[in-house]
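Down below is the structure, laid out as structure tokens.
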Protein chains: 2
Amino acid sequence: GVNPDLASERQTASFSVGRLTTLLDGGAERTRLRRAVVEAIERDPVFSRENEYFQSQNERYEAAVRKAIHLQKKMREMGWTEDGPEFTYICRALSGDVAFLLHRVFIRSISVLGSDKQVAKWIPLATEYQLIGSYAQTELGHGTYLQGLETTAVFDTTTQEFILNTPKISAMKWWPGDMGRSATHTVVFAQLYVRGKCYGVHPFIVQIRSLQDHSLCPGITAGDIGPKMNFEHVDNGYLMLQNVRIPRENMLNKFCEVQPDGTYIRRGSQKINYFTMTTVRVSLISDEVILPLMKACTIAIRYSVVRRQSKLNPGEEEAKILDYQTQQEKLLPPLAAAYAFHFINNYLHKLFDRGYKEIQGRKFDSLPELHAFSSGFKAMVSQHCIAGVEICLRACGGHGYSLLSGLPSLYTKIFASCIYEGENTILLLQTARFLIKCFTAASAGRPIPPSVTYLAAVKPRKCPAKEKLDFLSPDVYTEAYQHTAIRLLSSTAAKLQDLIQSGVEKHEAWNQCTVQLVQAAKAHCHYITVKNFVETVEKLENEAGIQKIMKHLCDLFALHGIFSNAGVFLHDGYISGAQMDMVTASYLDLLGVIRKDAVPLVDAFDFTDKSLNSALGNFDGHVYQRLYEWAQKSPTNKQMSPAYVRYLQPLLHNKLSKL
Amino acid sequence: GVNPDLASERQTASFSVGRLTTLLDGGAERTRLRRAVVEAIERDPVFSRENEYFQSQNERYEAAVRKAIHLQKKMREMGWTEDGPEFTYICRALSGDVAFLLHRVFIRSISVLGSDKQVAKWIPLATEYQLIGSYAQTELGHGTYLQGLETTAVFDTTTQEFILNTPKISAMKWWPGDMGRSATHTVVFAQLYVRGKCYGVHPFIVQIRSLQDHSLCPGITAGDIGPKMNFEHVDNGYLMLQNVRIPRENMLNKFCEVQPDGTYIRRGSQKINYFTMTTVRVSLISDEVILPLMKACTIAIRYSVVRRQSKLNPGEEEAKILDYQTQQEKLLPPLAAAYAFHFINNYLHKLFDRGYKEIQGRKFDSLPELHAFSSGFKAMVSQHCIAGVEICLRACGGHGYSLLSGLPSLYTKIFASCIYEGENTILLLQTARFLIKCFTAASAGRPIPPSVTYLAAVKPRKCPAKEKLDFLSPDVYTEAYQHTAIRLLSSTAAKLQDLIQSGVEKHEAWNQCTVQLVQAAKAHCHYITVKNFVETVEKLENEAGIQKIMKHLCDLFALHGIFSNAGVFLHDGYISGAQMDMVTASYLDLLGVIRKDAVPLVDAFDFTDKSLNSALGNFDGHVYQRLYEWAQKSPTNKQMSPAYVRYLQPLLHNKLSKL
């Protein structure tokens, strides 16, 4: 049975949990499919994550390889394909805990960057796992700034080969997944030299391990980079190349080629390639950033109605901790954010689907906007989600700190997403650069992309709210966000202009504005997210119960943002101190309202117990029993520790001198 | 040799690093002693932390026990004592990575709570390690709220014994250190029942394991609670008691006693006991909170002058990442905070030494103030430090995410300090309760403790600053902090009053104000920290060079606080929008100034390479070489993974069907 403290929370839901789940999935058919896929995966013992928290890095890696191989078999059995609608649910069910994800990137990079001939040669080999691929771009000393890569590929006309080298330690490839212990081949990014001239960074297919016995090929040094905060299942690797020769045909040459005589030819447009990177960034937002936040909210909120501590009123029993205002203020804003980000993610996907069609039609106009969006939202959403998961973890006190709560691994995993596929600060600066360009264009009366036309709009000078209920009007808070986004951008644009006019060099002036540019880019993304949430709620007119609770969440998301960034709204007096008190009052009132539906709102995410993998977050709420059961399985309890015989026994038996 | 990019940073220090180190230590003699202790520990291979990042929980535990036992020997050899001046440096040198810390708490609790007879019996046994103690307070379902503990101790007059029981699963002891696998005895906190009447929570000495063979005693179920985010070296344990009988003499009875006929007697004052908990909280701030932040700053700042990425100016080489404003804005405020907290920690220790003397003279008046201080500062400092360490970790990009950077373990360790010895939100609410009482007393003209007399002061209505340089005046920013602290407290006090007057019950009214009360308590602590930093800088008049850079750090700490909490300063117009622009300008200017001394400022913390245990943070700055060397030692590189033979080979040799 379900813990009565949790069961009672479900009896008072103000809306249909099932209908909300369907809405989040995008239709009943998709809910059905998702559940079927998840069930098929979870029923299969090979995919079990039961012992995950007890495993060493070696054990995690081995399990991930086993799962990856078994997945191939499973997919054939079930008739699932990588392009099929099931694939996203497969990823969800596996929680990313599987090997060969970089093998996929290897395949994709050859598909995009390789000639037809190269595709015909390599893709079948890779698809049938007659080789295992990786993708070697990042170096020990070089990450985001690709032009700085130091690995070299020198063309030798006499043998028609490229000679690859790692000229110094900072040029060693570092971090590529699947490379430390699995890969036989990898795509190496290196500076191309022909007859002493450097042509910049290009991709080369390099074999690194024998297909017969997996030994390292001549000139190759490779291994695992060791322990990390998470991703123990991935063999992130290092790679050093010493005079490694590969045939001329191994340079991926759809867009450029070195001819036998050493002539370098560039052809076609590389823009589509640029778009691919953008797409990767968008696709990770959902699986690797928003889903972990949803899971963390589910765990922390369920636990917070089961955990009781102290008395709210003397004479009563100890209160559920979710009844404390401070606990609500920790957990409900991240819950609202999870919904906000789910909806903005839908919006981004629509935007990118449209962009993709345009690009297939050779129309590249929307690329800068798409790039700015993918960068800014990846940074903004991952930043909010990591903060939210951290709050959830800490809100569970000591039990959150146990790996068995499931929260530490969600936290450490999402942590990585703030760094990979573009470090967040750098991404926000790319968004800011786009916004500054648009702002300048708008000021000069030139046309700008639809998503930023608001930058050209004339705004009222003051917020019109007169009482706290006015701040539950989406128009009121959306305008406040819009006003603030414009103000932050325009004041930074002015500062930049002033610096340049006062004689500071352009690059130095830009550097001196970067702290404020980051702020402006965040404000832009925040505004778009609030606006999109409002529009999503408006469209729910046929789902009265759901529309009502989503409106509350939308209000909470918006007012929490104003409450916790009060300075930027108060700065020019757009919102007055008295109005900020109204914001605070409405915000705190909302906590009490949404608290009543908190459990149904996380139930609607529809995570199975196995996918949460948390002793605190199960559907039945029996947290203490489960913590105890799981702890007993820990290897620390498997036998008497050798420390007893070696150290404790001699100590207690007073034989210390013999030590 | 030292990496030239790091060496050049040291040549331009504006002050003497050695003199600053001495100042931080509190005198040249203490610096000498610290270095001697650290060197003696680090030279001893038993204390090596070389393989720490590769070890399993079992290996970490074993190493910690080995170190703890070896430490006893070492201390005898070196003539060090637990009360001696060396002890704090021993802890620093070991980085807490040692067993039997709860054994010390066991000893302390008997010393404080036990009668003379009990002290005479148990302390020698414990000191000579003829038993290993633990301290069993927290339960699966009960943490901060001690009255809620469910373990029972029923007095049996016929046998003159207490019968201890764990009546249900939530009453199981959970988390006590040294208990999972080491302890033979523990102090159990349980509800005392005599003849059916409950007398509340009392401490009992209970033997849990055999002194002969370490097997569990009858009625005892105990073990390890399993994997955690950190503290793998500690065997945090669980304990279930089933009709465990202990003699009447095992209840710690300095302050209360059950007589043979069952009569319950309470005697003396328990206030000193209350003071002991307060002292523990203060003592952890330095070792477990501030030192990790200092280490993280050292690692991240050294790395940031070695790491180069992208070009600031086209045509130049790639820039040191610390030359980017955004990187400075990440790392320099935490550095300033590390200094601010070092100084506030000194202040707290002085306050407590004075309080201790008063209490020894049976004067208990300062206890509420000391309790409020210890609670608020533990919460505020740990909150800032965890945020600072997280920033340092993320500022190192992918390399920060590797355990070999040393940053993840600093982060996960400090994380715990936000939860243990009082969860931060609850602690801040205790501080707030004290402040509200003082504010009410001050309003009524009653006397209040010296640290809060400012609450009664009349303040100017507006900040007098006219240009950005005015914000480098300590008077200007200290007054702004003071004004804000008073405003937040007084407005919340008014809200509380209004709610109660409008008929809301006292407890419910309090709950509805808690989000704002937490804010007010933080503002109070922040104000005191700024004020103390200013006073510390003033006293450095004989150290011109150091005073100058400390003044910069103090300004930065203060202005960063205003910049990042702008809302509370702008709210009532005390600081105007135009003045906030001046704050921002001065704040950003300071980043550029302090950046020049960033490396000398972390060098002054004087951490050895071994104590940093970081591939990124070494004194010599050879980060890439060290990352590579350390990675090669990882167990993931020790041999060909069994995954190859089991899974990869059959896959590559196309024998998938056999799987």
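Letters A, B, ... mark the chains of the structure tokens in the order given; residue numbers begin at 1 per chain; ligand numbers begin at 1, in order shown.
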
query = Hey, what's within 8 Å of Gln191 (chain B) if we count only C-alpha atoms and toss same-chain stuff fewer than 2 positions away? As a PyMOL selection string, please?
reply = chain B and resi 149-153+189+193+198-202

Restricting it to C-alpha atoms, dump the selection as a tab-separated table (two decimals), in the first residue's frame.
```tsv
chain	number	residue	atom	x	y	z
B	149	LEU	CA	13.27	11.11	18.65
B	150	GLU	CA	11.46	7.79	18.98
B	151	THR	CA	14.02	5.42	20.49
B	152	THR	CA	12.85	4.38	23.97
B	153	ALA	CA	14.67	3.55	27.21
B	189	PHE	CA	19.76	9.34	22.79
B	193	TYR	CA	10.29	6.14	30.49
B	198	CYS	CA	8.04	9.88	29.68
B	199	TYR	CA	10.79	12.22	30.89
B	200	GLY	CA	12.10	13.25	27.49
B	201	VAL	CA	15.35	12.57	25.65
B	202	HIS	CA	18.36	11.35	27.63
```

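Shell of Arg181 (chain A) at 9 Å, with only C-alpha atoms counted and residues fewer than 3 places along the chain excluded, is Asp178, Thr184, Ala222, Gly223, Asp224, Asp235, Asn236 and Gly237 of chain A; Thr636, Asn637, Met640, Ser641 and Tyr644 of chain B.
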
key: region 12-125 of chain B: residues DSSP assigns to alpha helix (DSSP H), reported as a PyMOL selection string   = chain B and resi 17-25+28-43+57-78+87-94+101-113+116-125

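Omitting Cys438 (chain B) and its sequence neighbours fewer than 5 positions away, and counting only C-alpha atoms, the residues within 9 Å are B:Arg433, B:Ser443, B:Arg446, B:Pro447, B:Ile448, B:Pro449, B:Val452, B:Thr453, B:Leu455.
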
Write a file of the just-selected residues containing all heavy atoms, as a PDB file, in the first residue's frame.
```
ATOM      1  N   ARG B 433      14.764  34.608  15.007  1.00  0.00           N
ATOM      2  CA  ARG B 433      13.954  34.676  16.230  1.00  0.00           C
ATOM      3  C   ARG B 433      14.643  35.567  17.264  1.00  0.00           C
ATOM      4  O   ARG B 433      14.004  36.388  17.919  1.00  0.00           O
ATOM      5  CB  ARG B 433      13.738  33.262  16.775  1.00  0.00           C
ATOM      6  CG  ARG B 433      12.533  33.136  17.694  1.00  0.00           C
ATOM      7  CD  ARG B 433      12.314  31.690  18.153  1.00  0.00           C
ATOM      8  NE  ARG B 433      11.617  30.859  17.172  1.00  0.00           N
ATOM      9  CZ  ARG B 433      10.276  30.856  16.999  1.00  0.00           C
ATOM     10  NH1 ARG B 433       9.515  31.654  17.718  1.00  0.00           N
ATOM     11  NH2 ARG B 433       9.718  30.068  16.097  1.00  0.00           N
ATOM     12  N   SER B 443      12.685  48.459  20.397  1.00  0.00           N
ATOM     13  CA  SER B 443      11.560  49.358  20.125  1.00  0.00           C
ATOM     14  C   SER B 443      10.887  49.794  21.426  1.00  0.00           C
ATOM     15  O   SER B 443      10.363  50.902  21.531  1.00  0.00           O
ATOM     16  CB  SER B 443      10.521  48.672  19.240  1.00  0.00           C
ATOM     17  OG  SER B 443      11.137  48.172  18.086  1.00  0.00           O
ATOM     18  N   ARG B 446      14.023  48.647  25.798  1.00  0.00           N
ATOM     19  CA  ARG B 446      14.743  47.737  26.699  1.00  0.00           C
ATOM     20  C   ARG B 446      16.160  47.500  26.161  1.00  0.00           C
ATOM     21  O   ARG B 446      16.417  47.650  24.965  1.00  0.00           O
ATOM     22  CB  ARG B 446      14.006  46.398  26.813  1.00  0.00           C
ATOM     23  CG  ARG B 446      12.642  46.505  27.536  1.00  0.00           C
ATOM     24  CD  ARG B 446      12.143  45.144  28.029  1.00  0.00           C
ATOM     25  NE  ARG B 446      11.989  44.161  26.965  1.00  0.00           N
ATOM     26  CZ  ARG B 446      10.890  44.061  26.183  1.00  0.00           C
ATOM     27  NH1 ARG B 446       9.878  44.898  26.341  1.00  0.00           N
ATOM     28  NH2 ARG B 446      10.822  43.145  25.251  1.00  0.00           N
ATOM     29  N   PRO B 447      17.106  47.150  27.064  1.00  0.00           N
ATOM     30  CA  PRO B 447      18.497  46.956  26.627  1.00  0.00           C
ATOM     31  C   PRO B 447      18.637  45.709  25.751  1.00  0.00           C
ATOM     32  O   PRO B 447      17.934  44.710  25.955  1.00  0.00           O
ATOM     33  CB  PRO B 447      19.266  46.781  27.941  1.00  0.00           C
ATOM     34  CG  PRO B 447      18.249  46.287  28.922  1.00  0.00           C
ATOM     35  CD  PRO B 447      16.939  46.891  28.521  1.00  0.00           C
ATOM     36  N   ILE B 448      19.548  45.772  24.799  1.00  0.00           N
ATOM     37  CA  ILE B 448      19.800  44.618  23.926  1.00  0.00           C
ATOM     38  C   ILE B 448      21.303  44.388  23.822  1.00  0.00           C
ATOM     39  O   ILE B 448      22.094  45.288  24.102  1.00  0.00           O
ATOM     40  CB  ILE B 448      19.175  44.809  22.518  1.00  0.00           C
ATOM     41  CG1 ILE B 448      19.602  46.150  21.901  1.00  0.00           C
ATOM     42  CG2 ILE B 448      17.665  44.720  22.595  1.00  0.00           C
ATOM     43  CD1 ILE B 448      19.120  46.332  20.470  1.00  0.00           C
ATOM     44  N   PRO B 449      21.723  43.181  23.413  1.00  0.00           N
ATOM     45  CA  PRO B 449      23.159  42.859  23.352  1.00  0.00           C
ATOM     46  C   PRO B 449      23.910  43.808  22.402  1.00  0.00           C
ATOM     47  O   PRO B 449      23.318  44.313  21.435  1.00  0.00           O
ATOM     48  CB  PRO B 449      23.193  41.433  22.810  1.00  0.00           C
ATOM     49  CG  PRO B 449      21.845  40.869  23.119  1.00  0.00           C
ATOM     50  CD  PRO B 449      20.895  42.023  23.054  1.00  0.00           C
ATOM     51  N   VAL B 452      23.784  43.914  18.444  1.00  0.00           N
ATOM     52  CA  VAL B 452      22.563  44.257  17.721  1.00  0.00           C
ATOM     53  C   VAL B 452      22.023  45.648  18.081  1.00  0.00           C
ATOM     54  O   VAL B 452      20.909  45.988  17.707  1.00  0.00           O
ATOM     55  CB  VAL B 452      21.450  43.191  17.952  1.00  0.00           C
ATOM     56  CG1 VAL B 452      21.798  41.915  17.216  1.00  0.00           C
ATOM     57  CG2 VAL B 452      21.236  42.923  19.425  1.00  0.00           C
ATOM     58  N   THR B 453      22.839  46.425  18.805  1.00  0.00           N
ATOM     59  CA  THR B 453      22.352  47.759  19.180  1.00  0.00           C
ATOM     60  C   THR B 453      22.048  48.603  17.944  1.00  0.00           C
ATOM     61  O   THR B 453      21.243  49.522  18.002  1.00  0.00           O
ATOM     62  CB  THR B 453      23.378  48.517  20.046  1.00  0.00           C
ATOM     63  OG1 THR B 453      24.663  48.352  19.461  1.00  0.00           O
ATOM     64  CG2 THR B 453      23.381  48.008  21.473  1.00  0.00           C
ATOM     65  N   LEU B 455      20.247  47.966  15.681  1.00  0.00           N
ATOM     66  CA  LEU B 455      18.827  47.846  15.332  1.00  0.00           C
ATOM     67  C   LEU B 455      18.016  49.000  15.905  1.00  0.00           C
ATOM     68  O   LEU B 455      16.935  49.319  15.411  1.00  0.00           O
ATOM     69  CB  LEU B 455      18.256  46.524  15.862  1.00  0.00           C
ATOM     70  CG  LEU B 455      18.773  45.241  15.183  1.00  0.00           C
ATOM     71  CD1 LEU B 455      18.242  44.010  15.897  1.00  0.00           C
ATOM     72  CD2 LEU B 455      18.366  45.220  13.712  1.00  0.00           C
TER      73      LEU B 455
END
```

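The space separating CA of Gln625 (chain B) from CA of Arg49 (chain B) comes to 19.2 Å.
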
Find the nearest atom pair between each residue of region 567-644 of chain B and region 22-27 of chain B for residues within 10 Å, count only C-alpha atoms, give distances in Å to one decimal, sort rows by chain and ascending number, and present the table as a tab-separated table.
```
residue	atom	partner	partner_atom	distance
B:Ala604	CA	B:Leu24	CA	8.3
B:Phe605	CA	B:Leu24	CA	7.7
B:Asp606	CA	B:Thr22	CA	9.8
```

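When CA of Cys513 (chain B) is paired with CA of Glu318 (chain A), their separation reads 19.5 Å.
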
query = Got a sec: who's within 12 Å of Arg35 (chain A), counting only C-alpha atoms, leaving out chain neighbours fewer than 3 positions off, as a PyMOL selection string?
reply = chain A and resi 21-22+25+28-32+38-43+86+88-90+92-93+605-608+611

Tell me, counting only C-alpha atoms, for each residue of region 367-412 of chain A within 8 Å of region 411-426 of chain B, which pair of atoms is nearest and how far apart they are in Å to one decimal, in rows ordered by chain and increasing number, as JSON lines.
```
{"residue": "A:Arg394", "atom": "CA", "partner": "B:Ile419", "partner_atom": "CA", "distance": 7.3}
{"residue": "A:Gly397", "atom": "CA", "partner": "B:Ile419", "partner_atom": "CA", "distance": 5.8}
{"residue": "A:Gly398", "atom": "CA", "partner": "B:Ile419", "partner_atom": "CA", "distance": 6.4}
{"residue": "A:Tyr401", "atom": "CA", "partner": "B:Ala416", "partner_atom": "CA", "distance": 7.3}
```

Output N, CA, C and O atoms for every residue in that selection, as a PDB file, in the first residue's frame.
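Printed below is again.pdb as written:
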```
ATOM      1  N   ARG A 394      19.365  19.576  -1.337  1.00  0.00           N
ATOM      2  CA  ARG A 394      19.558  20.124   0.011  1.00  0.00           C
ATOM      3  C   ARG A 394      18.268  20.145   0.805  1.00  0.00           C
ATOM      4  O   ARG A 394      18.288  20.041   2.023  1.00  0.00           O
ATOM      5  N   GLY A 397      17.731  17.271   3.178  1.00  0.00           N
ATOM      6  CA  GLY A 397      18.611  17.127   4.332  1.00  0.00           C
ATOM      7  C   GLY A 397      19.619  16.001   4.152  1.00  0.00           C
ATOM      8  O   GLY A 397      20.100  15.758   3.032  1.00  0.00           O
ATOM      9  N   GLY A 398      19.947  15.341   5.223  1.00  0.00           N
ATOM     10  CA  GLY A 398      20.958  14.293   5.199  1.00  0.00           C
ATOM     11  C   GLY A 398      20.629  13.179   4.211  1.00  0.00           C
ATOM     12  O   GLY A 398      21.510  12.674   3.521  1.00  0.00           O
ATOM     13  N   TYR A 401      21.745  13.628   0.716  1.00  0.00           N
ATOM     14  CA  TYR A 401      23.196  13.502   0.534  1.00  0.00           C
ATOM     15  C   TYR A 401      23.629  12.064   0.262  1.00  0.00           C
ATOM     16  O   TYR A 401      24.706  11.811  -0.251  1.00  0.00           O
TER      17      TYR A 401
END
```

key: Test item: residues at most 12 Å from His70 (chain A), only C-alpha atoms, excluding those fewer than 5 positions along its chain, as a ChimeraX atom specification   = /A:41,44-48,63-65,75-77,98-100 /B:647-648,651,656-659

Please produce an output containing N, CA, C and O atoms for each residue in the selection, written as an mmCIF file, in the first residue's frame.
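Final file, again-v2.cif:
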```cif
data_model
loop_
_atom_site.group_PDB
_atom_site.id
_atom_site.type_symbol
_atom_site.label_atom_id
_atom_site.label_comp_id
_atom_site.auth_asym_id
_atom_site.auth_seq_id
_atom_site.Cartn_x
_atom_site.Cartn_y
_atom_site.Cartn_z
ATOM 1 N N ILE A 41 11.951 -1.960 -21.662
ATOM 2 C CA ILE A 41 13.336 -1.789 -21.220
ATOM 3 C C ILE A 41 13.468 -2.188 -19.751
ATOM 4 O O ILE A 41 14.384 -2.935 -19.372
ATOM 5 N N ASP A 44 13.532 -5.870 -18.719
ATOM 6 C CA ASP A 44 14.699 -6.650 -19.131
ATOM 7 C C ASP A 44 15.813 -6.485 -18.094
ATOM 8 O O ASP A 44 16.327 -5.392 -17.900
ATOM 9 N N PRO A 45 16.216 -7.573 -17.442
ATOM 10 C CA PRO A 45 17.185 -7.448 -16.341
ATOM 11 C C PRO A 45 18.542 -6.897 -16.775
ATOM 12 O O PRO A 45 19.261 -6.339 -15.949
ATOM 13 N N VAL A 46 18.908 -7.043 -18.047
ATOM 14 C CA VAL A 46 20.204 -6.517 -18.481
ATOM 15 C C VAL A 46 20.265 -4.995 -18.294
ATOM 16 O O VAL A 46 21.324 -4.426 -18.050
ATOM 17 N N PHE A 47 19.120 -4.350 -18.386
ATOM 18 C CA PHE A 47 19.110 -2.888 -18.272
ATOM 19 C C PHE A 47 18.931 -2.392 -16.832
ATOM 20 O O PHE A 47 18.792 -1.199 -16.595
ATOM 21 N N SER A 48 18.941 -3.310 -15.893
ATOM 22 C CA SER A 48 18.708 -2.922 -14.500
ATOM 23 C C SER A 48 19.741 -1.913 -13.998
ATOM 24 O O SER A 48 20.925 -1.996 -14.299
ATOM 25 N N ALA A 63 29.099 -2.418 -17.408
ATOM 26 C CA ALA A 63 27.641 -2.511 -17.510
ATOM 27 C C ALA A 63 27.125 -1.705 -18.693
ATOM 28 O O ALA A 63 26.205 -2.134 -19.400
ATOM 29 N N ALA A 64 27.726 -0.545 -18.934
ATOM 30 C CA ALA A 64 27.268 0.322 -20.027
ATOM 31 C C ALA A 64 27.532 -0.331 -21.388
ATOM 32 O O ALA A 64 26.711 -0.238 -22.305
ATOM 33 N N VAL A 65 28.675 -1.011 -21.500
ATOM 34 C CA VAL A 65 28.988 -1.717 -22.748
ATOM 35 C C VAL A 65 28.002 -2.878 -22.943
ATOM 36 O O VAL A 65 27.441 -3.059 -24.032
ATOM 37 N N MET A 75 16.504 -3.810 -29.888
ATOM 38 C CA MET A 75 15.864 -2.974 -30.897
ATOM 39 C C MET A 75 15.432 -3.805 -32.099
ATOM 40 O O MET A 75 14.354 -3.590 -32.653
ATOM 41 N N ARG A 76 16.279 -4.749 -32.466
ATOM 42 C CA ARG A 76 15.885 -5.627 -33.573
ATOM 43 C C ARG A 76 14.650 -6.438 -33.189
ATOM 44 O O ARG A 76 13.682 -6.516 -33.947
ATOM 45 N N GLU A 77 14.692 -7.016 -32.025
ATOM 46 C CA GLU A 77 13.569 -7.809 -31.528
ATOM 47 C C GLU A 77 12.257 -7.035 -31.537
ATOM 48 O O GLU A 77 11.212 -7.540 -31.942
ATOM 49 N N VAL A 98 24.464 4.199 -20.885
ATOM 50 C CA VAL A 98 24.746 3.211 -21.918
ATOM 51 C C VAL A 98 25.988 3.675 -22.690
ATOM 52 O O VAL A 98 26.275 4.873 -22.742
ATOM 53 N N ALA A 99 26.712 2.751 -23.241
ATOM 54 C CA ALA A 99 27.938 3.093 -23.966
ATOM 55 C C ALA A 99 27.645 3.417 -25.440
ATOM 56 O O ALA A 99 26.517 3.304 -25.891
ATOM 57 N N PHE A 100 28.688 3.805 -26.136
ATOM 58 C CA PHE A 100 28.660 4.024 -27.588
ATOM 59 C C PHE A 100 27.830 5.235 -28.021
ATOM 60 O O PHE A 100 27.365 5.293 -29.153
ATOM 61 N N TYR B 647 32.443 -8.586 -24.216
ATOM 62 C CA TYR B 647 31.445 -7.929 -25.073
ATOM 63 C C TYR B 647 32.003 -7.363 -26.377
ATOM 64 O O TYR B 647 31.436 -7.555 -27.435
ATOM 65 N N LEU B 648 33.146 -6.641 -26.276
ATOM 66 C CA LEU B 648 33.615 -5.940 -27.473
ATOM 67 C C LEU B 648 34.149 -6.903 -28.522
ATOM 68 O O LEU B 648 33.844 -6.775 -29.707
ATOM 69 N N LEU B 651 31.498 -8.700 -30.381
ATOM 70 C CA LEU B 651 30.793 -7.734 -31.217
ATOM 71 C C LEU B 651 31.589 -7.450 -32.480
ATOM 72 O O LEU B 651 31.087 -7.577 -33.600
ATOM 73 N N LEU B 656 27.811 -11.592 -32.589
ATOM 74 C CA LEU B 656 26.750 -11.031 -31.744
ATOM 75 C C LEU B 656 25.689 -12.066 -31.396
ATOM 76 O O LEU B 656 25.159 -12.074 -30.288
ATOM 77 N N SER B 657 25.391 -12.913 -32.337
ATOM 78 C CA SER B 657 24.297 -13.842 -32.124
ATOM 79 C C SER B 657 24.559 -14.755 -30.925
ATOM 80 O O SER B 657 23.648 -15.260 -30.305
ATOM 81 N N LYS B 658 25.860 -14.966 -30.638
ATOM 82 C CA LYS B 658 26.188 -15.842 -29.516
ATOM 83 C C LYS B 658 25.962 -15.175 -28.168
ATOM 84 O O LYS B 658 26.007 -15.822 -27.138
ATOM 85 N N LEU B 659 25.789 -13.868 -28.179
ATOM 86 C CA LEU B 659 25.649 -13.162 -26.886
ATOM 87 C C LEU B 659 24.374 -13.590 -26.182
ATOM 88 O O LEU B 659 23.319 -13.639 -26.779
#
```

key: Distance query Glu329 (chain A) at most 12 Å, only C-alpha atoms, self and fewer than 2 positions along chain excluded, as a PyMOL selection string   = (chain A and resi 301+321-327+331-336+388+391-392+395+556-557+559-560+563-564+584+587-592+594-595) or (chain B and resi 425+511-516+518)

query = Quick one, how far is CA of Lys522 (chain B) from CA of Ser451 (chain B)?
reply = 14.8 Å

remark   = Restricting to only C-alpha atoms, whichever of A:Ala578, A:Leu351, A:Ile208, A:Leu94 is closest to chain B is A:Ala578

query = Among region 163-374 of chain B, which ones does DSSP place in strand (DSSP E or B), written as an NGL selection string?
reply = :B and (163-165 or 173-174 or 185-194 or 197-207 or 209 or 216 or 220-224 or 228 or 237-241 or 244-247 or 251 or 256-258 or 264-266 or 308 or 320)

Mind checking which residues fall within 9 Å of Pro474 (chain B), counting only C-alpha atoms, ignoring those fewer than 4 positions away in the same chain, and posting them as a short mmCIF file (atom, residue, chain, number, x, y, z; two decimals) with N, CA and C atoms, in the first residue's frame?
```cif
data_model
loop_
_atom_site.label_atom_id
_atom_site.label_comp_id
_atom_site.auth_asym_id
_atom_site.auth_seq_id
_atom_site.Cartn_x
_atom_site.Cartn_y
_atom_site.Cartn_z
N ASP B 470 32.82 57.28 -4.41
CA ASP B 470 32.23 57.32 -3.07
C ASP B 470 31.92 55.92 -2.55
N THR B 478 29.08 50.38 4.41
CA THR B 478 28.68 49.78 5.68
C THR B 478 27.31 50.30 6.11
N GLU B 479 27.10 51.60 5.91
CA GLU B 479 25.79 52.16 6.26
C GLU B 479 24.68 51.58 5.38
N VAL B 530 30.75 42.50 6.78
CA VAL B 530 31.32 43.67 6.10
C VAL B 530 31.95 44.61 7.14
N LYS B 531 31.21 44.86 8.20
CA LYS B 531 31.69 45.78 9.25
C LYS B 531 33.00 45.27 9.85
N VAL B 534 35.91 45.74 7.45
CA VAL B 534 36.34 47.15 7.47
C VAL B 534 37.21 47.42 8.69
N CYS B 554 38.10 44.09 0.63
CA CYS B 554 36.96 44.47 1.46
C CYS B 554 35.93 45.22 0.61
N ASP B 555 36.41 46.16 -0.19
CA ASP B 555 35.52 46.89 -1.10
C ASP B 555 34.82 45.92 -2.05
N ALA B 558 32.14 43.89 -0.31
CA ALA B 558 30.97 44.71 -0.01
C ALA B 558 30.18 45.04 -1.28
#
```
